[in-house]
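Below you'll find the structure, written out as structure tokens, and then a few comments.
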4 protein chains.
Amino acid sequence: MSRIPVAVVGATGAVGQALVAALHGHPWFTVEALVASERSAGLKYRDAVRWVLPGSIPPDVADRTVLDVTTDLQTPIILSCIDASLARELEPQWAQRGHRVFSNASAFRLHPTVPLLIPEVNADHYALVQYRESTWKGFIVTNPNCCVAGLAMALGPLTKRWSLERVYVTTFQAVSGAGLQGLAALPIADNVIPWIAGEEEKLQKEPPKILGWLQGARVVDYPVEIIPSCYRVPVRHGHTLALVIEGDADMTPERAAEVWQDFRPPDWVRQLPSGVGRPIRVWTEVDRPQPALDRDEGQGMVVHVGRVRGQAGRVLCTVLVHNLIRGAAGAVLLNAELSVSLNPV
Amino acid sequence: MSRIPVAVVGATGAVGQALVAALHGHPWFTVEALVASERSAGLKYRDAVRWVLPGSIPPDVADRTVLDVTTDLQTPIILSCIDASLARELEPQWAQRGHRVFSNASAFRLHPTVPLLIPEVNADHYALVQYRESTWKGFIVTNPNCCVAGLAMALGPLTKRWSLERVYVTTFQAVSGAGLQGLAALPIADNVIPWIAGEEEKLQKEPPKILGWLQGARVVDYPVEIIPSCYRVPVRHGHTLALVIEGDADMTPERAAEVWQDFRPPDWVRQLPSGVGRPIRVWTEVDRPQPALDRDEGQGMVVHVGRVRGQAGRVLCTVLVHNLIRGAAGAVLLNAELSVSLNPV
Amino acid sequence: MSRIPVAVVGATGAVGQALVAALHGHPWFTVEALVASERSAGLKYRDAVRWVLPGSIPPDVADRTVLDVTTDLQTPIILSCIDASLARELEPQWAQRGHRVFSNASAFRLHPTVPLLIPEVNADHYALVQYRESTWKGFIVTNPNCCVAGLAMALGPLTKRWSLERVYVTTFQAVSGAGLQGLAALPIADNVIPWIAGEEEKLQKEPPKILGWLQGARVVDYPVEIIPSCYRVPVRHGHTLALVIEGDADMTPERAAEVWQDFRPPDWVRQLPSGVGRPIRVWTEVDRPQPALDRDEGQGMVVHVGRVRGQAGRVLCTVLVHNLIRGAAGAVLLNAELSVSLNPV
Amino acid sequence: MSRIPVAVVGATGAVGQALVAALHGHPWFTVEALVASERSAGLKYRDAVRWVLPGSIPPDVADRTVLDVTTDLQTPIILSCIDASLARELEPQWAQRGHRVFSNASAFRLHPTVPLLIPEVNADHYALVQYRESTWKGFIVTNPNCCVAGLAMALGPLTKRWSLERVYVTTFQAVSGAGLQGLAALPIADNVIPWIAGEEEKLQKEPPKILGWLQGARVVDYPVEIIPSCYRVPVRHGHTLALVIEGDADMTPERAAEVWQDFRPPDWVRQLPSGVGRPIRVWTEVDRPQPALDRDEGQGMVVHVGRVRGQAGRVLCTVLVHNLIRGAAGAVLLNAELSVSLNPV
């Protein structure tokens, strides 16, 4: 089949770069438009971007002229990795004009008829798009915050077997999670910063929707209390999460480890181009996972769980997620692939 | 008064260096003996040590010959920063011979008649020394693990007002906490390591003793459950702790912040040479404390509390403690000063 | 005497913060105006600044309202740490209006009648101000680039004794050298960046002027060829320089070390409030200086020289300079102090 | 063909781990023996090693019992990554017993009849093995120091066209270059260390041999003077080198870049399993190469050259080499492959 043209909006940022890299040689999609802010518009992509990924800019896009974010885009699919405030304005316009918008922005994640997806966990929520705003010919599909991508992936399989009551989560977030503009080098050098703007709210609000039940035109939230503490640490890529999961008395560390070990996504999900056969890897080595060693496994799409311990009713563990891939660019792409597989363009 | 001679045992390690530096110009104590392992014995201190602190080795000790750890020491006071296994063997021998041993090692922290002290919090526990082993002419006084130094300092004032039930603590521990030999450079570069040998046990067991009540010849543990998760992060000095403190329903974040703000140690404690007037600093800035900025305050003896938030009965906060000073060398020294002030040599 | 009011322009940047901190309790100067870009103007300083230095914002300035950079300033002295492009526009206007401008910007460093000063090395160049532009009632005095501050301090004493022909310099520059906006966290994490915009040019052009001879209304450049290679490394503060200095055949490593060891600035310079008695510290320890250990010596005003080695006619060494203090804020302040001591306001 | 059994000596170190990883699935070789110090001998490899590489220990070797370094080995090929002092003792013994020893140790690099190889540069030096010590039934082949691996690869192609007179080299060496035991975490945190024991000597002595001419039973050194300055920086992997290359007046930056760009190893070398088609990559982007982005290219076997600039007779550039792969494990392996391709076991 001929490849489907996509636009990458926010193409010069860290997530945009990861998308551009992942789309190089993608079997279904081809980059047609690279879109960024006014400051970059009109430049060649190679001159507009400060490339921060391994290797060179893919040669087929390096000389493309970057379009302004207000350009009237023509691609059926828009991959959006812009700021929430801009997303709030532009994404509904794109949806109205008939585009399928796959967004990494937080703007519409909690919108009642916009799916907030981790395909391995809640692909069925995709059905929400049929109840979308009446003025939208297209639609918006979102992926969660980069920490939530790891957190909800870990919690998802547990919720199929036990009731979870409360989750304490402390994060160790890599600098690439702040994007290229969001964090200067000086503040985080040799440092830990005990606060990330808006992050803890996202960790509280997004998992209940992801883990919730689809009931007709809406999702009933999963009733779990999340108690988050978000920290930035001087690590390049890979968010580490320290979890304490409290729930049913028959949830033991051993059984939880088994559930994670046995977890497999539906076949049709793992066979998507960005899918992985086993999206959760369980470690028994006492000092793993570690971001420097494990973040890139499965092209960054594997979520790692280790140090599973605790007691009946209270499971502690460490979760590692590649924030830029599973937590952002890879998630956008997987959602787009899911959409096309269910509903060809 | 003439200064009291002390021996620093483990003088070439990171904590030993911090002690040597702190003793330079100390008003009460003077370094008489520098003691280390067989490998260093016989060398000049300047040749035996790989100095990792600001400035040069204090000139008055740089050319001292390092003594072997088995040497028969003559100083009334021994400051011990050796490994637990060696401490288990040597410290009782020193106590038997009549030395006052102030130890940073974990070996005897939980011994029923050995005080485990944070003078600002439980100076009264010092009285335990009168119930010491009958064969000991001298005694051993210990200070807590470097994370516990911050944790118990933060919890102490709260226990005077409320009952605490449960504390979830996730640590971000600096590399100097592993000492000079305990951690190689490669594993922690650009990394987070989700495990530190033996650390979580110490966090569970030491605070109940520190926060407990002296009853005659023993301490009744404070009945709080600690749920610890210990991580190493690539930071030079300063352990950061993310806490969730659960307890009485009238413990609110605002009131807890007030209690910390108002906390003052007894006058006689804060007037010790290593004492500080306000050992807890409360931050209202949303992104503080930070190790790179705040660890050195009060010569490293201040414990910082920030991001106080939560709800009635559940207080969340960030704690920062200089692991090498308040958590080790400074704690050893403060205990020695406390002892001498109560009971002159 | 009553203290002289000064304006800090660029007060929210990293250098501006260091100036504000250094002016707290300064014996001669008092901060009257805090000036920054339009974005910050009108805010309280505490709200406009992202504080990246130890301790809190000095309380006497925390609640000051930040002025816009276009404000008509009233202080006799302006301490300027703004970008070169803005400096090029504003600093001559200030000079015309009669202000004494002490500037960290590169804009006028090479201007023939603007002094480029390291007071310990070329205080006599201050006399250039008398030949300033005829329209300037006030004047501009500049300090060198942060690497040049260390480089020229090291070369200065050698030029009094030998002819230097050529200097190869490779830099290891800390992230704070890029300021708060100049470098994002992601690019430098776990990385070395082999290029810093405009830096190598400055290293070539500034030292010849600093080391040159005052001849009436101009400086005759010192004829040394500088071959620079500038690199950014993941270090918080402190620029390290690897030097190879080629010159007269009787310049040996031993003699060069002696010259550095014996170097003393003129009494009237070292007695300035920001002066230090021995601005060059020579290390014989084989692995010093190190930024993490040595940058803060003398409140950051000491330049360190170590690993002095080589052969007759070719001296190799390591130089360390605190880029934010000796290389920026401290240099601005020392120049202002020099000016006031020579020519009271 | 059936695969040739090899022994990895020093298998628990950082280089040993990289060898074990590279041998997993190797088309010619299979790991038969894992050898380490007495401390590890008798343990399973998984228990003896602190794994610091991505992914898990290859399952086919994880449960092997580690042999003591004094074991009488039976494999025709020994891959040696032990310390120089131990190598000095053991490697000749192995050679005497008929083993082919491929060594990463410095002990015999300068021995007149032991080849010091970078196959792409001086594969002809392999012929030295025929002139080996008369008591050796087998032989020793060495690869250079990890920095020299990059330096001599860069200089090699230039020497075919021009005479080089002098090379100034300043290194930015990653922590993995010190191995697992060679550098503690604390000294290098937030720091630059201006000295590495023994390193500068190696940089002076090894390149002349590698770049020299084979004349019968010996190599005539290439007469270039190397002026090295070696620094450790807080980077996980990848040594960066800042070079100034002085030589013939017709050596211009443009021509040097062309020579590097056009460089191709002999076909039979690049077709070895660890060979790469283009072992030198030339960058024109102004801020490349960077270790975090580029070290892994070509499985770590590519040497990067960037920032080529200067003037006629003096070329400046940046070189990046993956110290653990091209500079150690990959070099050992490539030498073993070269040997087997020339002279089947």
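Each chain of the structure tokens is named A, B, ... in the order shown, its residues numbered from 1; ligands are numbered from 1 in display order.
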
At a cut-off of 6 Å, which residues of chain C touch chain A? Count only C-alpha atoms and give the answer as a PyMOL selection string. chain C and resi 175-176+183-186+189+236

Can you tell me, as an NGL selection string, which residues in region 264-305 of chain B count as strand (DSSP E or B) by DSSP? :B and (280-282 or 303-305)

Selection: 8 Å around Thr170 (chain D), only C-alpha atoms, excl. self and same-chain fewer than 2 positions, as a count of residues only: 11

All residues 8 Å or closer to region 55-69 of chain D, only C-alpha atoms, same chain fewer than 5 positions away omitted, as a PyMOL selection string: (chain A and resi 293-294+297) or (chain D and resi 9+20-21+24+31+33-38+40-46+48)

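Relative to CA of Arg278 (chain C), CA of Asn323 (chain C) is found at 17.9 Å.
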
Within 9 Å of Ala22 (chain D) using only C-alpha atoms, minus same-chain residues under 5 positions, as JSON, numbers by chain: {"D": [17, 329, 330, 333]}

Resulting file, chosen residues, N, CA and C atoms, as a short mmCIF file (atom, residue, chain, number, x, y, z; two decimals), in the first residue's frame:
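Resulting contents of again-v3.cif:
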```
data_model
loop_
_atom_site.label_atom_id
_atom_site.label_comp_id
_atom_site.auth_asym_id
_atom_site.auth_seq_id
_atom_site.Cartn_x
_atom_site.Cartn_y
_atom_site.Cartn_z
N GLN D 17 32.98 -7.41 30.20
CA GLN D 17 31.54 -7.48 29.95
C GLN D 17 31.23 -7.12 28.50
N ALA D 329 37.15 -3.52 23.89
CA ALA D 329 36.60 -4.84 23.57
C ALA D 329 36.51 -5.08 22.06
N GLY D 330 36.03 -4.10 21.33
CA GLY D 330 35.91 -4.26 19.88
C GLY D 330 37.27 -4.37 19.21
N LEU D 333 38.63 -7.87 19.75
CA LEU D 333 37.90 -8.81 18.90
C LEU D 333 38.32 -8.67 17.43
#
```

List every residue of region 78-271 of chain A that DSSP, applied to the backbone of this structure, places in helix (DSSP H, G or I), and write the result as number ranges by chain. A: 84-96, 119-131, 146-159, 175-178, 185-188, 199-210, 253-262, 267-270

Residues from the last selection, C-alpha atoms, saved as a JSON list (two decimals), in the first residue's frame:
```json
[["chain", "number", "residue", "atom", "x", "y", "z"],
["A", 84, "ALA", "CA", -1.07, 22.46, 25.97],
["A", 85, "SER", "CA", -2.09, 26.07, 25.52],
["A", 86, "LEU", "CA", -1.54, 26.00, 21.78],
["A", 87, "ALA", "CA", -3.11, 22.55, 21.54],
["A", 88, "ARG", "CA", -6.23, 23.82, 23.24],
["A", 89, "GLU", "CA", -6.63, 26.32, 20.43],
["A", 90, "LEU", "CA", -5.48, 24.38, 17.38],
["A", 91, "GLU", "CA", -6.42, 20.75, 17.90],
["A", 92, "PRO", "CA", -10.19, 21.32, 17.84],
["A", 93, "GLN", "CA", -9.78, 23.35, 14.64],
["A", 94, "TRP", "CA", -7.94, 20.46, 13.04],
["A", 95, "ALA", "CA", -10.60, 18.02, 14.24],
["A", 96, "GLN", "CA", -13.30, 20.25, 12.80],
["A", 119, "PRO", "CA", -3.39, 0.58, 23.51],
["A", 120, "GLU", "CA", -2.13, -2.41, 25.46],
["A", 121, "VAL", "CA", -4.31, -1.40, 28.39],
["A", 122, "ASN", "CA", -7.46, 0.27, 27.14],
["A", 123, "ALA", "CA", -7.67, 0.01, 23.36],
["A", 124, "ASP", "CA", -11.44, -0.33, 23.74],
["A", 125, "HIS", "CA", -11.63, 3.33, 24.78],
["A", 126, "TYR", "CA", -10.86, 4.20, 21.21],
["A", 127, "ALA", "CA", -14.59, 3.76, 20.59],
["A", 128, "LEU", "CA", -15.15, 7.11, 22.29],
["A", 129, "VAL", "CA", -14.32, 8.85, 19.03],
["A", 130, "GLN", "CA", -17.75, 8.00, 17.70],
["A", 131, "TYR", "CA", -19.30, 10.23, 20.37],
["A", 146, "CYS", "CA", 5.09, 10.48, 30.23],
["A", 147, "CYS", "CA", 5.07, 9.25, 33.84],
["A", 148, "VAL", "CA", 1.49, 8.09, 33.57],
["A", 149, "ALA", "CA", 2.50, 6.02, 30.54],
["A", 150, "GLY", "CA", 4.61, 3.89, 32.84],
["A", 151, "LEU", "CA", 2.33, 4.09, 35.85],
["A", 152, "ALA", "CA", -0.89, 3.08, 34.10],
["A", 153, "MET", "CA", 0.86, 0.35, 32.12],
["A", 154, "ALA", "CA", 1.99, -1.15, 35.43],
["A", 155, "LEU", "CA", -1.38, -0.73, 37.15],
["A", 156, "GLY", "CA", -3.51, -1.91, 34.23],
["A", 157, "PRO", "CA", -2.89, -5.65, 34.51],
["A", 158, "LEU", "CA", -3.30, -5.52, 38.28],
["A", 159, "THR", "CA", -6.75, -3.95, 38.00],
["A", 175, "VAL", "CA", 15.65, 16.06, 31.76],
["A", 176, "SER", "CA", 14.35, 15.19, 28.31],
["A", 177, "GLY", "CA", 10.88, 15.08, 29.84],
["A", 178, "ALA", "CA", 10.98, 18.86, 30.06],
["A", 185, "ALA", "CA", 21.09, 23.17, 32.19],
["A", 186, "LEU", "CA", 22.19, 25.10, 35.26],
["A", 187, "PRO", "CA", 19.30, 24.40, 37.63],
["A", 188, "ILE", "CA", 19.51, 20.61, 37.34],
["A", 199, "GLU", "CA", 2.93, 17.16, 36.91],
["A", 200, "GLU", "CA", 1.40, 15.88, 40.11],
["A", 201, "GLU", "CA", -2.09, 16.86, 38.97],
["A", 202, "LYS", "CA", -1.65, 14.83, 35.81],
["A", 203, "LEU", "CA", -0.53, 11.81, 37.78],
["A", 204, "GLN", "CA", -3.65, 12.05, 39.90],
["A", 205, "LYS", "CA", -6.18, 12.59, 37.15],
["A", 206, "GLU", "CA", -5.06, 10.58, 34.13],
["A", 207, "PRO", "CA", -4.75, 7.03, 35.49],
["A", 208, "PRO", "CA", -8.36, 6.78, 36.70],
["A", 209, "LYS", "CA", -9.55, 7.55, 33.17],
["A", 210, "ILE", "CA", -7.15, 5.12, 31.51],
["A", 253, "PRO", "CA", 4.22, -9.21, 45.60],
["A", 254, "GLU", "CA", 4.68, -12.70, 44.14],
["A", 255, "ARG", "CA", 1.27, -12.72, 42.49],
["A", 256, "ALA", "CA", 1.68, -9.19, 41.18],
["A", 257, "ALA", "CA", 5.01, -10.16, 39.64],
["A", 258, "GLU", "CA", 3.29, -13.12, 37.99],
["A", 259, "VAL", "CA", 0.53, -10.94, 36.61],
["A", 260, "TRP", "CA", 3.10, -8.56, 35.11],
["A", 261, "GLN", "CA", 5.16, -11.45, 33.82],
["A", 262, "ASP", "CA", 2.15, -13.00, 32.11],
["A", 267, "ASP", "CA", -2.48, -9.72, 19.20],
["A", 268, "TRP", "CA", -3.75, -6.98, 16.95],
["A", 269, "VAL", "CA", -2.16, -4.37, 19.19],
["A", 270, "ARG", "CA", 1.24, -5.95, 19.50]]
```

Atomic separation - CA of Asn335 (chain A) relative to CA of Gly138 (chain A), Å: 14.7 Å

What does the distance from CA of Ala105 (chain D) to CA of Ile196 (chain D) come to in Å, to one decimal? 16.1 Å
